[in-house]
Amino acid sequence: MTNFPFPLEPTAADAQAAIAEEFSFFGDWSERYQYLIDLGRKLPTFPEEWKTEEHRLLGCQSMVWIVPEGDADKLVFHAISDSAIVSGLIYLALRVYSGRSAAEILATDPDYVSAIGLAKHLSPTRSNGLAAMLTFIRDTAQARQ
């Protein structure tokens, strides 16, 4: 797949720091949700033929599809959702983890989730979906290591 934007920063830690800094500019959660929606619109095109049950992420209320490729040296994740806010959550996760080595993925806890206040401001179903996505990324890295 070409035109994949990640990684934007040299390390996962740098990506998390950049996310925290960007979200600190917004005063309230309505602005942060709008920013999440805007980020979700930046996801690369996701091929329709990948929208299958095989690639569907279970544990999400919204429809989410995720396709990993690569090996221990570099794992790339392609993902999309039918929900605008969830697409933004996908963008953040891919920004931190996609294009990284399995070792870096496994060594990086998703600190950005608490740093920007997501944990307190997502509905329980969105929180479960985010957790499922982060677990999928981590499990994929573990399997390819």
# chains A, B, ... in the order shown; residues from 1 in each chain; ligands from 1
>>> residues_around(residues="Glu69 in chain A", least_positions_apart="6", cutoff="12 Å", atoms="only C-alpha atoms", output="NGL selection string")
:A and (1 or 75-79 or 98-102 or 137 or 140-141 or 144)
>>> write_last_selection(atoms="N, CA, C and O atoms", output="short mmCIF file (atom, residue, chain, number, x, y, z; two decimals), in the first residue's frame")
data_model
loop_
_atom_site.label_atom_id
_atom_site.label_comp_id
_atom_site.auth_asym_id
_atom_site.auth_seq_id
_atom_site.Cartn_x
_atom_site.Cartn_y
_atom_site.Cartn_z
N MET A 1 0.86 -1.17 0.00
CA MET A 1 0.00 0.00 0.00
C MET A 1 0.90 1.24 0.00
O MET A 1 1.84 1.32 0.78
N LEU A 75 6.38 -3.20 11.38
CA LEU A 75 4.97 -3.57 11.27
C LEU A 75 4.17 -2.35 10.86
O LEU A 75 4.30 -1.27 11.45
N VAL A 76 3.34 -2.52 9.85
CA VAL A 76 2.47 -1.45 9.38
C VAL A 76 1.04 -1.92 9.58
O VAL A 76 0.70 -3.06 9.27
N PHE A 77 0.21 -1.03 10.11
CA PHE A 77 -1.20 -1.34 10.32
C PHE A 77 -2.04 -0.41 9.46
O PHE A 77 -1.82 0.80 9.44
N HIS A 78 -3.01 -1.00 8.77
CA HIS A 78 -3.98 -0.26 7.98
C HIS A 78 -5.31 -0.46 8.69
O HIS A 78 -5.66 -1.60 9.03
N ALA A 79 -6.05 0.61 8.93
CA ALA A 79 -7.31 0.46 9.65
C ALA A 79 -8.27 1.58 9.28
O ALA A 79 -7.86 2.65 8.84
N SER A 98 2.21 2.31 14.15
CA SER A 98 2.42 1.80 12.80
C SER A 98 3.77 2.26 12.24
O SER A 98 4.20 3.39 12.45
N GLY A 99 4.43 1.35 11.54
CA GLY A 99 5.73 1.66 10.97
C GLY A 99 6.88 1.44 11.94
O GLY A 99 8.01 1.82 11.67
N ARG A 100 6.59 0.82 13.06
CA ARG A 100 7.61 0.58 14.11
C ARG A 100 7.99 -0.90 14.15
O ARG A 100 7.27 -1.76 13.64
N SER A 101 9.07 -1.18 14.83
CA SER A 101 9.47 -2.58 15.03
C SER A 101 8.57 -3.22 16.09
O SER A 101 7.98 -2.52 16.93
N ALA A 102 8.51 -4.54 16.04
CA ALA A 102 7.74 -5.26 17.05
C ALA A 102 8.27 -4.95 18.45
O ALA A 102 7.49 -4.74 19.39
N ILE A 137 -2.88 -4.69 18.22
CA ILE A 137 -1.57 -4.20 17.77
C ILE A 137 -0.46 -4.89 18.56
O ILE A 137 0.52 -5.39 18.01
N THR A 140 -0.22 -8.64 17.72
CA THR A 140 0.40 -8.82 16.40
C THR A 140 1.92 -8.66 16.52
O THR A 140 2.69 -9.46 15.97
N ALA A 141 2.36 -7.65 17.26
CA ALA A 141 3.80 -7.44 17.46
C ALA A 141 4.41 -8.64 18.18
O ALA A 141 5.50 -9.11 17.81
N ARG A 144 4.86 -11.61 15.84
CA ARG A 144 5.83 -11.43 14.75
C ARG A 144 7.25 -11.25 15.26
O ARG A 144 8.18 -11.11 14.47
#
>>> residues_around(residues="Leu130 in chain A", least_positions_apart="6", cutoff="12 Å", atoms="only C-alpha atoms", output="ChimeraX atom specification")
/A:57-62,64,81,85-94,110,113,118-119,122-124,136-137
>>> write_last_selection(atoms="N, CA, C and O atoms", output="mmCIF file, in the first residue's frame")
data_model
loop_
_atom_site.group_PDB
_atom_site.id
_atom_site.type_symbol
_atom_site.label_atom_id
_atom_site.label_comp_id
_atom_site.auth_asym_id
_atom_site.auth_seq_id
_atom_site.Cartn_x
_atom_site.Cartn_y
_atom_site.Cartn_z
ATOM 1 N N LEU A 57 -12.327 -6.004 13.606
ATOM 2 C CA LEU A 57 -11.862 -6.012 14.990
ATOM 3 C C LEU A 57 -13.071 -6.202 15.893
ATOM 4 O O LEU A 57 -13.995 -5.377 15.895
ATOM 5 N N LEU A 58 -13.064 -7.283 16.623
ATOM 6 C CA LEU A 58 -14.168 -7.552 17.541
ATOM 7 C C LEU A 58 -13.935 -6.792 18.845
ATOM 8 O O LEU A 58 -12.810 -6.507 19.212
ATOM 9 N N GLY A 59 -15.004 -6.457 19.526
ATOM 10 C CA GLY A 59 -14.894 -5.710 20.769
ATOM 11 C C GLY A 59 -15.228 -4.245 20.596
ATOM 12 O O GLY A 59 -15.210 -3.481 21.543
ATOM 13 N N CYS A 60 -15.527 -3.843 19.372
ATOM 14 C CA CYS A 60 -15.882 -2.459 19.084
ATOM 15 C C CYS A 60 -17.370 -2.393 18.746
ATOM 16 O O CYS A 60 -17.884 -3.242 18.032
ATOM 17 N N GLN A 61 -18.040 -1.371 19.242
ATOM 18 C CA GLN A 61 -19.434 -1.169 18.873
ATOM 19 C C GLN A 61 -19.516 -0.739 17.407
ATOM 20 O O GLN A 61 -20.370 -1.181 16.665
ATOM 21 N N SER A 62 -18.607 0.125 16.996
ATOM 22 C CA SER A 62 -18.535 0.554 15.603
ATOM 23 C C SER A 62 -17.882 -0.547 14.777
ATOM 24 O O SER A 62 -17.221 -1.432 15.306
ATOM 25 N N VAL A 64 -14.949 -1.721 12.743
ATOM 26 C CA VAL A 64 -13.532 -1.395 12.616
ATOM 27 C C VAL A 64 -12.861 -2.559 11.907
ATOM 28 O O VAL A 64 -13.085 -3.715 12.253
ATOM 29 N N SER A 81 -12.689 2.878 10.314
ATOM 30 C CA SER A 81 -13.945 2.638 11.020
ATOM 31 C C SER A 81 -15.067 3.348 10.294
ATOM 32 O O SER A 81 -14.838 4.302 9.546
ATOM 33 N N ILE A 85 -15.398 9.482 15.099
ATOM 34 C CA ILE A 85 -14.550 9.597 16.293
ATOM 35 C C ILE A 85 -13.627 8.386 16.408
ATOM 36 O O ILE A 85 -12.440 8.529 16.710
ATOM 37 N N VAL A 86 -14.150 7.200 16.134
ATOM 38 C CA VAL A 86 -13.316 5.998 16.200
ATOM 39 C C VAL A 86 -12.200 6.065 15.153
ATOM 40 O O VAL A 86 -11.072 5.660 15.417
ATOM 41 N N SER A 87 -12.486 6.615 13.986
ATOM 42 C CA SER A 87 -11.426 6.795 12.982
ATOM 43 C C SER A 87 -10.323 7.690 13.536
ATOM 44 O O SER A 87 -9.134 7.453 13.278
ATOM 45 N N GLY A 88 -10.682 8.693 14.303
ATOM 46 C CA GLY A 88 -9.676 9.536 14.952
ATOM 47 C C GLY A 88 -8.860 8.766 15.972
ATOM 48 O O GLY A 88 -7.636 8.952 16.072
ATOM 49 N N LEU A 89 -9.503 7.889 16.726
ATOM 50 C CA LEU A 89 -8.782 7.048 17.687
ATOM 51 C C LEU A 89 -7.823 6.117 16.959
ATOM 52 O O LEU A 89 -6.700 5.884 17.421
ATOM 53 N N ILE A 90 -8.258 5.602 15.819
ATOM 54 C CA ILE A 90 -7.388 4.756 14.990
ATOM 55 C C ILE A 90 -6.176 5.560 14.534
ATOM 56 O O ILE A 90 -5.036 5.091 14.617
ATOM 57 N N TYR A 91 -6.413 6.781 14.066
ATOM 58 C CA TYR A 91 -5.310 7.626 13.602
ATOM 59 C C TYR A 91 -4.256 7.775 14.702
ATOM 60 O O TYR A 91 -3.056 7.635 14.447
ATOM 61 N N LEU A 92 -4.705 8.060 15.923
ATOM 62 C CA LEU A 92 -3.749 8.241 17.026
ATOM 63 C C LEU A 92 -2.965 6.957 17.294
ATOM 64 O O LEU A 92 -1.740 7.002 17.462
ATOM 65 N N ALA A 93 -3.653 5.817 17.321
ATOM 66 C CA ALA A 93 -2.966 4.548 17.580
ATOM 67 C C ALA A 93 -1.957 4.232 16.476
ATOM 68 O O ALA A 93 -0.830 3.818 16.754
ATOM 69 N N LEU A 94 -2.357 4.467 15.222
ATOM 70 C CA LEU A 94 -1.433 4.192 14.117
ATOM 71 C C LEU A 94 -0.253 5.157 14.148
ATOM 72 O O LEU A 94 0.872 4.776 13.814
ATOM 73 N N PRO A 110 0.571 2.677 25.855
ATOM 74 C CA PRO A 110 -0.196 3.774 25.251
ATOM 75 C C PRO A 110 -0.460 4.914 26.250
ATOM 76 O O PRO A 110 -1.594 5.206 26.615
ATOM 77 N N VAL A 113 -3.108 7.915 25.875
ATOM 78 C CA VAL A 113 -4.529 7.779 26.205
ATOM 79 C C VAL A 113 -4.854 8.549 27.489
ATOM 80 O O VAL A 113 -5.813 9.323 27.538
ATOM 81 N N LEU A 118 -8.216 10.917 27.289
ATOM 82 C CA LEU A 118 -9.157 10.054 26.569
ATOM 83 C C LEU A 118 -9.852 9.076 27.502
ATOM 84 O O LEU A 118 -11.051 8.833 27.373
ATOM 85 N N ALA A 119 -9.097 8.532 28.429
ATOM 86 C CA ALA A 119 -9.646 7.500 29.314
ATOM 87 C C ALA A 119 -10.889 8.003 30.050
ATOM 88 O O ALA A 119 -11.824 7.245 30.281
ATOM 89 N N LEU A 122 -14.133 9.019 27.022
ATOM 90 C CA LEU A 122 -14.722 8.113 26.034
ATOM 91 C C LEU A 122 -15.846 7.324 26.690
ATOM 92 O O LEU A 122 -15.772 6.989 27.872
ATOM 93 N N SER A 123 -16.856 7.016 25.912
ATOM 94 C CA SER A 123 -17.925 6.159 26.418
ATOM 95 C C SER A 123 -17.330 4.776 26.697
ATOM 96 O O SER A 123 -16.277 4.424 26.147
ATOM 97 N N PRO A 124 -17.989 3.987 27.545
ATOM 98 C CA PRO A 124 -17.469 2.644 27.825
ATOM 99 C C PRO A 124 -17.288 1.801 26.566
ATOM 100 O O PRO A 124 -16.298 1.074 26.446
ATOM 101 N N PHE A 136 -4.888 -5.758 19.905
ATOM 102 C CA PHE A 136 -4.617 -6.362 18.602
ATOM 103 C C PHE A 136 -3.222 -5.969 18.109
ATOM 104 O O PHE A 136 -2.449 -6.811 17.638
ATOM 105 N N ILE A 137 -2.881 -4.692 18.215
ATOM 106 C CA ILE A 137 -1.571 -4.202 17.768
ATOM 107 C C ILE A 137 -0.464 -4.887 18.564
ATOM 108 O O ILE A 137 0.515 -5.386 18.006
#
>>> atom_distance(atom1="CA of Trp29 in chain A", atom2="CA of Ile116 in chain A")
10.2 Å
>>> residues_around(residues="His55 in chain A", least_positions_apart="6", cutoff="8 Å", atoms="only C-alpha atoms", output="tab-separated table (two decimals) with N, CA, C and O atoms, in the first residue's frame")
chain	number	residue	atom	x	y	z
A	65	TRP	N	-12.07	-2.22	10.90
A	65	TRP	CA	-11.28	-3.21	10.19
A	65	TRP	C	-9.82	-2.83	10.33
A	65	TRP	O	-9.46	-1.66	10.23
A	66	ILE	N	-8.97	-3.84	10.57
A	66	ILE	CA	-7.54	-3.58	10.73
A	66	ILE	C	-6.76	-4.70	10.05
A	66	ILE	O	-7.08	-5.88	10.20
A	67	VAL	N	-5.75	-4.30	9.27
A	67	VAL	CA	-4.93	-5.24	8.52
A	67	VAL	C	-3.46	-4.95	8.82
A	67	VAL	O	-2.97	-3.86	8.52
>>> select_by_dssp(residues="chain A", states="helix (DSSP H, G or I)", output="ChimeraX atom specification")
/A:12-24,29-40,48-50,53-55,84-97,102-107,112-115,118-121,124-144
>>> atom_distance(atom1="CA of Glu48 in chain A", atom2="CA of Asp73 in chain A")
27.5 Å
>>> residues_around(residues="Ser30 in chain A", least_positions_apart="6", cutoff="12 Å", atoms="only C-alpha atoms", output="list in words")
Phe23, Leu36, Ile37, Ile85 and His121 of chain A
>>> write_last_selection(atoms="C-alpha atoms", output="PDB file, in the first residue's frame")
ATOM      1  CA  PHE A  23      -4.264  18.099  22.438  1.00  0.00           C
ATOM      2  CA  LEU A  36     -10.261  13.615  16.601  1.00  0.00           C
ATOM      3  CA  ILE A  37     -12.826  13.668  13.788  1.00  0.00           C
ATOM      4  CA  ILE A  85     -14.550   9.597  16.293  1.00  0.00           C
ATOM      5  CA  HIS A 121     -13.899  11.177  28.134  1.00  0.00           C
TER       6      HIS A 121
END
